[in-house]
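Only one structure is covered here, and it is reproduced in the block below.
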Amino acid sequence: MPPDVSIVIVNYKVKPLVMRLLLSIRTHVRAPHEVFVVDNASGDGIAKDIRRDFPDVRVISNADNRGFAAANNQAIRGEKGRHVLLLNPDTELIEDCVTPLVQFADAHPLAGVVGCRVLNPDRSLQHSVLAFPTLGSQVSIMLKLHHLFPNLPAVRHYLRRDFDYATTQRVDQVIGACFLMTRAALDNIGMLDERYFIWFEEVDYCRMAKNAGLEVWYTQQTQIVHHGGQSFSQVFAPRRQRYFDASLVKYMRKHHGAGAATVVRVLHPVALFLAWIVGMLGIKRPTYT
């Protein structure tokens, strides 16, 4: 019998967090499962430590940083589970969130992606449901207008600040911190688009799922802790902005056309300068970008 779920974790220089996540999986998950860790050339000796402490976990070690989408796909190609659960390395299980997610997917044949309640380390709610990006919302974020004018209509709609996290419901997208890809999605639309190095790969996947007639669901039945952007907090703001803008160009071209992609390219130098200012001022980067 295949396992109910294949759990995939990508490591980039956050070994202590990955080891803690693996321990929490061992402690809480009761559904039949397998676990993959893909290391993107972290140079932190994680493969040796995992083989010592978690011999059942399959480790894939890359000689270079292949990015989030490509690294996840390496594991997905070898998975045997009925579903695939992508977990960010800076997440932590505080209960068996995996079994309810699998049960939810099994009970909803049209589900393509399922996400759950996401908590901050202090157990406060972390916003994890967003609308699909529009050019207006993303230009506002590129230009850091959301820091100055958080109530801009395009930004408020994108961030879904009015979302009811107490209610299970269909949504546009859930963040990739805890991202169940169902067998229906894998069979119909395949894996993540590897043209995205980091950011927008899970947004794109939700969009493709909906385009294929599948559903994206948020369920309040379970929860997970997300420590938030630990891998890329090590990267200075302008470099993060380059990654963000590069993926945004790809997303806009794919889903909104060449004109929208051109706008992002034109604004990229301004966004880099503003990112440098934000980085120098120490303004915290939101987890959704």
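Residues are named by chain letter and number: chains run A, B, ... in the order of the structure tokens, numbers start at 1 in each chain, and ligands are numbered from 1 in the order shown.
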Worksheet entry | All residues 9 Å or closer to Ala166 in chain A, only C-alpha atoms, same chain fewer than 2 positions away omitted, as a list in words | Arg117, Phe163, Asp164, Thr168, Thr219, Gln220 and Gln221 of chain A
So that I have them on file, write out the residues from the current selection with all heavy atoms, as a PDB file, in the first residue's frame.
```pdb
ATOM      1  N   ARG A 117      -4.912  26.382   8.944  1.00  0.00           N
ATOM      2  CA  ARG A 117      -4.610  27.547   9.772  1.00  0.00           C
ATOM      3  C   ARG A 117      -3.109  27.589  10.043  1.00  0.00           C
ATOM      4  O   ARG A 117      -2.495  26.566  10.387  1.00  0.00           O
ATOM      5  CB  ARG A 117      -5.389  27.451  11.083  1.00  0.00           C
ATOM      6  CG  ARG A 117      -5.192  28.625  12.037  1.00  0.00           C
ATOM      7  CD  ARG A 117      -5.881  28.341  13.360  1.00  0.00           C
ATOM      8  NE  ARG A 117      -7.312  28.228  13.188  1.00  0.00           N
ATOM      9  CZ  ARG A 117      -8.162  29.235  13.375  1.00  0.00           C
ATOM     10  NH1 ARG A 117      -7.704  30.427  13.719  1.00  0.00           N
ATOM     11  NH2 ARG A 117      -9.450  29.054  13.212  1.00  0.00           N
ATOM     12  N   PHE A 163     -10.698  38.039   5.685  1.00  0.00           N
ATOM     13  CA  PHE A 163     -10.971  36.598   5.569  1.00  0.00           C
ATOM     14  C   PHE A 163     -11.328  36.011   6.927  1.00  0.00           C
ATOM     15  O   PHE A 163     -10.697  36.312   7.950  1.00  0.00           O
ATOM     16  CB  PHE A 163      -9.745  35.882   4.992  1.00  0.00           C
ATOM     17  CG  PHE A 163      -9.978  34.425   4.726  1.00  0.00           C
ATOM     18  CD1 PHE A 163     -10.719  34.019   3.639  1.00  0.00           C
ATOM     19  CD2 PHE A 163      -9.469  33.452   5.582  1.00  0.00           C
ATOM     20  CE1 PHE A 163     -10.956  32.672   3.390  1.00  0.00           C
ATOM     21  CE2 PHE A 163      -9.689  32.111   5.342  1.00  0.00           C
ATOM     22  CZ  PHE A 163     -10.434  31.713   4.240  1.00  0.00           C
ATOM     23  N   ASP A 164     -12.324  35.131   6.942  1.00  0.00           N
ATOM     24  CA  ASP A 164     -12.776  34.463   8.158  1.00  0.00           C
ATOM     25  C   ASP A 164     -12.029  33.138   8.327  1.00  0.00           C
ATOM     26  O   ASP A 164     -12.380  32.140   7.710  1.00  0.00           O
ATOM     27  CB  ASP A 164     -14.287  34.229   8.084  1.00  0.00           C
ATOM     28  CG  ASP A 164     -14.826  33.529   9.320  1.00  0.00           C
ATOM     29  OD1 ASP A 164     -14.068  33.389  10.310  1.00  0.00           O
ATOM     30  OD2 ASP A 164     -16.006  33.121   9.304  1.00  0.00           O
ATOM     31  N   THR A 168     -14.050  26.965   7.128  1.00  0.00           N
ATOM     32  CA  THR A 168     -13.488  26.212   6.017  1.00  0.00           C
ATOM     33  C   THR A 168     -14.165  26.660   4.728  1.00  0.00           C
ATOM     34  O   THR A 168     -15.400  26.714   4.652  1.00  0.00           O
ATOM     35  CB  THR A 168     -13.697  24.708   6.228  1.00  0.00           C
ATOM     36  OG1 THR A 168     -12.950  24.285   7.382  1.00  0.00           O
ATOM     37  CG2 THR A 168     -13.257  23.907   5.011  1.00  0.00           C
ATOM     38  N   THR A 219      -8.815  24.935   5.242  1.00  0.00           N
ATOM     39  CA  THR A 219      -9.576  24.278   6.297  1.00  0.00           C
ATOM     40  C   THR A 219      -9.107  24.758   7.654  1.00  0.00           C
ATOM     41  O   THR A 219      -7.899  24.855   7.914  1.00  0.00           O
ATOM     42  CB  THR A 219      -9.476  22.742   6.216  1.00  0.00           C
ATOM     43  OG1 THR A 219     -10.147  22.171   7.347  1.00  0.00           O
ATOM     44  CG2 THR A 219      -8.033  22.269   6.216  1.00  0.00           C
ATOM     45  N   GLN A 220     -10.072  25.055   8.509  1.00  0.00           N
ATOM     46  CA  GLN A 220      -9.757  25.493   9.871  1.00  0.00           C
ATOM     47  C   GLN A 220      -9.641  24.308  10.834  1.00  0.00           C
ATOM     48  O   GLN A 220      -9.444  24.494  12.032  1.00  0.00           O
ATOM     49  CB  GLN A 220     -10.840  26.473  10.374  1.00  0.00           C
ATOM     50  CG  GLN A 220     -12.263  25.944  10.292  1.00  0.00           C
ATOM     51  CD  GLN A 220     -12.639  24.993  11.413  1.00  0.00           C
ATOM     52  OE1 GLN A 220     -12.220  25.161  12.545  1.00  0.00           O
ATOM     53  NE2 GLN A 220     -13.416  23.971  11.083  1.00  0.00           N
ATOM     54  N   GLN A 221      -9.699  23.080  10.296  1.00  0.00           N
ATOM     55  CA  GLN A 221      -9.751  21.899  11.152  1.00  0.00           C
ATOM     56  C   GLN A 221      -8.428  21.591  11.847  1.00  0.00           C
ATOM     57  O   GLN A 221      -8.412  20.829  12.821  1.00  0.00           O
ATOM     58  CB  GLN A 221     -10.190  20.685  10.324  1.00  0.00           C
ATOM     59  CG  GLN A 221     -11.598  20.812   9.760  1.00  0.00           C
ATOM     60  CD  GLN A 221     -11.927  19.703   8.780  1.00  0.00           C
ATOM     61  OE1 GLN A 221     -11.114  18.808   8.532  1.00  0.00           O
ATOM     62  NE2 GLN A 221     -13.129  19.746   8.227  1.00  0.00           N
TER      63      GLN A 221
END
```
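Every protein, DNA or RNA residue with an atom at most 12 Å from Val270 in chain A, where only C-alpha atoms count and chain neighbours fewer than 6 positions away do not, is listed here: Val139, Ser140, Ile141, Met142, Leu143, Lys144, Pro238, Gln241, Arg242, Asp245, Val263, Val264, Trp276 and Ile277 of chain A.
Remark: for Asp96 in chain A, the closest of the candidate residues A:Thr27, A:Asn11, A:Thr262, A:Asn188 is A:Thr27 (distances computed over only C-alpha atoms).
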From the list A:Gly213, A:Gly257, A:Gly43, A:Pro32, the nearest residue to Asp4 in chain A using only C-alpha atoms is A:Pro32
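Note that CA of Lys250 in chain A and CA of Asn72 in chain A are 18.7 Å apart.
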All strand (DSSP E or B) positions in range 14-257 of chain A, as a ChimeraX atom specification:
/A:33-40,58-62,83-87,91-92,111-119,125-126,129-130,169-170,173-174,178-181,215-226
Residues from the last selection, N, CA and C atoms, saved as a compact mmCIF listing (two decimals), in the first residue's frame:
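Everything below was put into out22.txt:
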```txt
# COMPACT_ATOMS: atom_id res chain seq x y z
N HIS A 33 3.11 7.74 6.02
CA HIS A 33 3.77 8.81 5.30
C HIS A 33 5.22 8.46 5.01
N GLU A 34 5.80 9.21 4.09
CA GLU A 34 7.24 9.19 3.84
C GLU A 34 7.71 10.64 3.83
N VAL A 35 9.00 10.84 4.13
CA VAL A 35 9.53 12.19 4.25
C VAL A 35 10.77 12.33 3.38
N PHE A 36 10.82 13.42 2.63
CA PHE A 36 11.99 13.79 1.83
C PHE A 36 12.53 15.11 2.34
N VAL A 37 13.85 15.23 2.41
CA VAL A 37 14.51 16.52 2.62
C VAL A 37 15.44 16.75 1.44
N VAL A 38 15.25 17.87 0.76
CA VAL A 38 16.11 18.24 -0.36
C VAL A 38 16.98 19.40 0.12
N ASP A 39 18.29 19.21 0.09
CA ASP A 39 19.20 20.26 0.55
C ASP A 39 19.80 20.99 -0.64
N ASN A 40 19.59 22.31 -0.66
CA ASN A 40 20.06 23.14 -1.77
C ASN A 40 21.46 23.70 -1.48
N ARG A 58 14.35 10.32 3.49
CA ARG A 58 15.16 10.28 2.26
C ARG A 58 15.75 11.66 2.00
N VAL A 59 17.07 11.71 1.83
CA VAL A 59 17.78 12.97 1.65
C VAL A 59 18.28 13.08 0.21
N ILE A 60 18.02 14.23 -0.40
CA ILE A 60 18.55 14.53 -1.72
C ILE A 60 19.47 15.74 -1.55
N SER A 61 20.75 15.59 -1.88
CA SER A 61 21.72 16.66 -1.69
C SER A 61 22.10 17.24 -3.05
N ASN A 62 21.88 18.53 -3.21
CA ASN A 62 22.22 19.22 -4.45
C ASN A 62 23.57 19.91 -4.34
N HIS A 83 -0.91 11.65 -1.85
CA HIS A 83 -0.86 13.10 -1.93
C HIS A 83 0.56 13.55 -1.57
N VAL A 84 0.86 14.82 -1.84
CA VAL A 84 2.17 15.39 -1.49
C VAL A 84 1.94 16.62 -0.63
N LEU A 85 2.65 16.69 0.50
CA LEU A 85 2.57 17.85 1.39
C LEU A 85 3.91 18.57 1.41
N LEU A 86 3.91 19.81 0.92
CA LEU A 86 5.10 20.65 0.97
C LEU A 86 5.09 21.41 2.29
N LEU A 87 6.17 21.30 3.05
CA LEU A 87 6.30 22.04 4.30
C LEU A 87 7.54 22.92 4.22
N THR A 91 8.65 25.62 9.42
CA THR A 91 7.39 25.27 10.06
C THR A 91 7.65 24.26 11.18
N GLU A 92 6.65 24.08 12.01
CA GLU A 92 6.74 23.13 13.13
C GLU A 92 5.36 22.59 13.42
N ALA A 111 -10.70 18.73 -4.93
CA ALA A 111 -9.65 19.53 -4.29
C ALA A 111 -8.33 19.31 -5.01
N GLY A 112 -7.65 20.42 -5.34
CA GLY A 112 -6.32 20.33 -5.94
C GLY A 112 -5.24 20.73 -4.96
N VAL A 113 -5.56 21.71 -4.11
CA VAL A 113 -4.64 22.20 -3.09
C VAL A 113 -5.43 22.41 -1.81
N VAL A 114 -4.81 22.04 -0.68
CA VAL A 114 -5.44 22.25 0.63
C VAL A 114 -4.42 22.87 1.57
N GLY A 115 -4.82 23.92 2.27
CA GLY A 115 -4.00 24.52 3.31
C GLY A 115 -4.79 24.62 4.60
N CYS A 116 -4.10 24.90 5.69
CA CYS A 116 -4.76 24.94 7.00
C CYS A 116 -4.43 26.24 7.71
N ARG A 117 -4.91 26.38 8.94
CA ARG A 117 -4.61 27.55 9.77
C ARG A 117 -3.11 27.59 10.04
N VAL A 118 -2.52 28.76 9.90
CA VAL A 118 -1.09 28.95 10.14
C VAL A 118 -0.92 29.91 11.32
N LEU A 119 -0.07 29.54 12.26
CA LEU A 119 0.14 30.34 13.46
C LEU A 119 1.56 30.89 13.50
N LEU A 125 -2.57 34.29 15.11
CA LEU A 125 -2.91 33.90 13.75
C LEU A 125 -1.97 34.57 12.75
N GLN A 126 -1.49 33.81 11.80
CA GLN A 126 -0.71 34.35 10.68
C GLN A 126 -1.59 34.32 9.43
N VAL A 129 -4.08 33.20 3.70
CA VAL A 129 -4.97 33.11 2.54
C VAL A 129 -4.92 34.44 1.80
N LEU A 130 -4.66 34.38 0.51
CA LEU A 130 -4.57 35.58 -0.32
C LEU A 130 -5.45 35.43 -1.55
N GLN A 169 -13.36 26.98 3.71
CA GLN A 169 -13.96 27.50 2.47
C GLN A 169 -12.98 27.43 1.30
N ARG A 170 -13.55 27.52 0.08
CA ARG A 170 -12.74 27.60 -1.12
C ARG A 170 -12.11 28.99 -1.21
N GLN A 173 -5.86 31.23 -3.13
CA GLN A 173 -4.56 30.62 -2.85
C GLN A 173 -4.30 30.55 -1.36
N VAL A 174 -3.53 29.55 -0.97
CA VAL A 174 -2.99 29.44 0.39
C VAL A 174 -1.47 29.53 0.27
N CYS A 178 2.47 25.42 4.27
CA CYS A 178 1.85 24.10 4.45
C CYS A 178 0.90 23.93 3.28
N PHE A 179 1.30 23.11 2.31
CA PHE A 179 0.69 23.15 0.98
C PHE A 179 0.48 21.72 0.50
N LEU A 180 -0.75 21.22 0.68
CA LEU A 180 -1.05 19.85 0.25
C LEU A 180 -1.45 19.85 -1.21
N MET A 181 -0.68 19.14 -2.03
CA MET A 181 -0.99 18.94 -3.44
C MET A 181 -1.66 17.58 -3.56
N GLU A 215 -10.22 22.68 -7.17
CA GLU A 215 -10.52 23.65 -6.13
C GLU A 215 -9.32 23.83 -5.20
N VAL A 216 -9.19 25.02 -4.67
CA VAL A 216 -8.20 25.33 -3.63
C VAL A 216 -8.97 25.59 -2.35
N TRP A 217 -8.60 24.87 -1.29
CA TRP A 217 -9.35 24.93 -0.04
C TRP A 217 -8.48 25.39 1.12
N TYR A 218 -9.09 26.18 2.00
CA TYR A 218 -8.54 26.44 3.33
C TYR A 218 -9.42 25.69 4.33
N THR A 219 -8.81 24.93 5.24
CA THR A 219 -9.58 24.28 6.30
C THR A 219 -9.11 24.76 7.65
N GLN A 220 -10.07 25.05 8.51
CA GLN A 220 -9.76 25.49 9.87
C GLN A 220 -9.64 24.31 10.83
N GLN A 221 -9.70 23.08 10.30
CA GLN A 221 -9.75 21.90 11.15
C GLN A 221 -8.43 21.59 11.85
N THR A 222 -7.34 22.16 11.36
CA THR A 222 -6.04 21.87 11.97
C THR A 222 -5.13 23.07 11.77
N GLN A 223 -3.92 23.00 12.34
CA GLN A 223 -3.05 24.16 12.33
C GLN A 223 -1.59 23.75 12.39
N ILE A 224 -0.73 24.71 12.02
CA ILE A 224 0.71 24.50 12.01
C ILE A 224 1.37 25.82 12.40
N VAL A 225 2.57 25.76 12.97
CA VAL A 225 3.32 26.96 13.31
C VAL A 225 4.31 27.26 12.19
N HIS A 226 4.38 28.54 11.82
CA HIS A 226 5.31 28.99 10.78
C HIS A 226 6.17 30.10 11.35
```
>> Based on the backbone DSSP call, show me all residues of range 27-188 of chain A assigned alpha helix (DSSP H), as a ChimeraX atom specification.
In response: /A:27-28,46-53,68-78,98-107,135-142,145-148,153-159,183-188
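With only C-alpha atoms taken into account, the protein and nucleic acid residues at most 8 Å from Ala154 in chain A (excluding it and anything under 3 positions from it in its own chain) are Thr134, Gly136, Ser137, His157 and Tyr158 of chain A.
Atom pair CA of Met19 in chain A / CA of Pro55 in chain A has a distance of 12.4 Å (rounded to one decimal).
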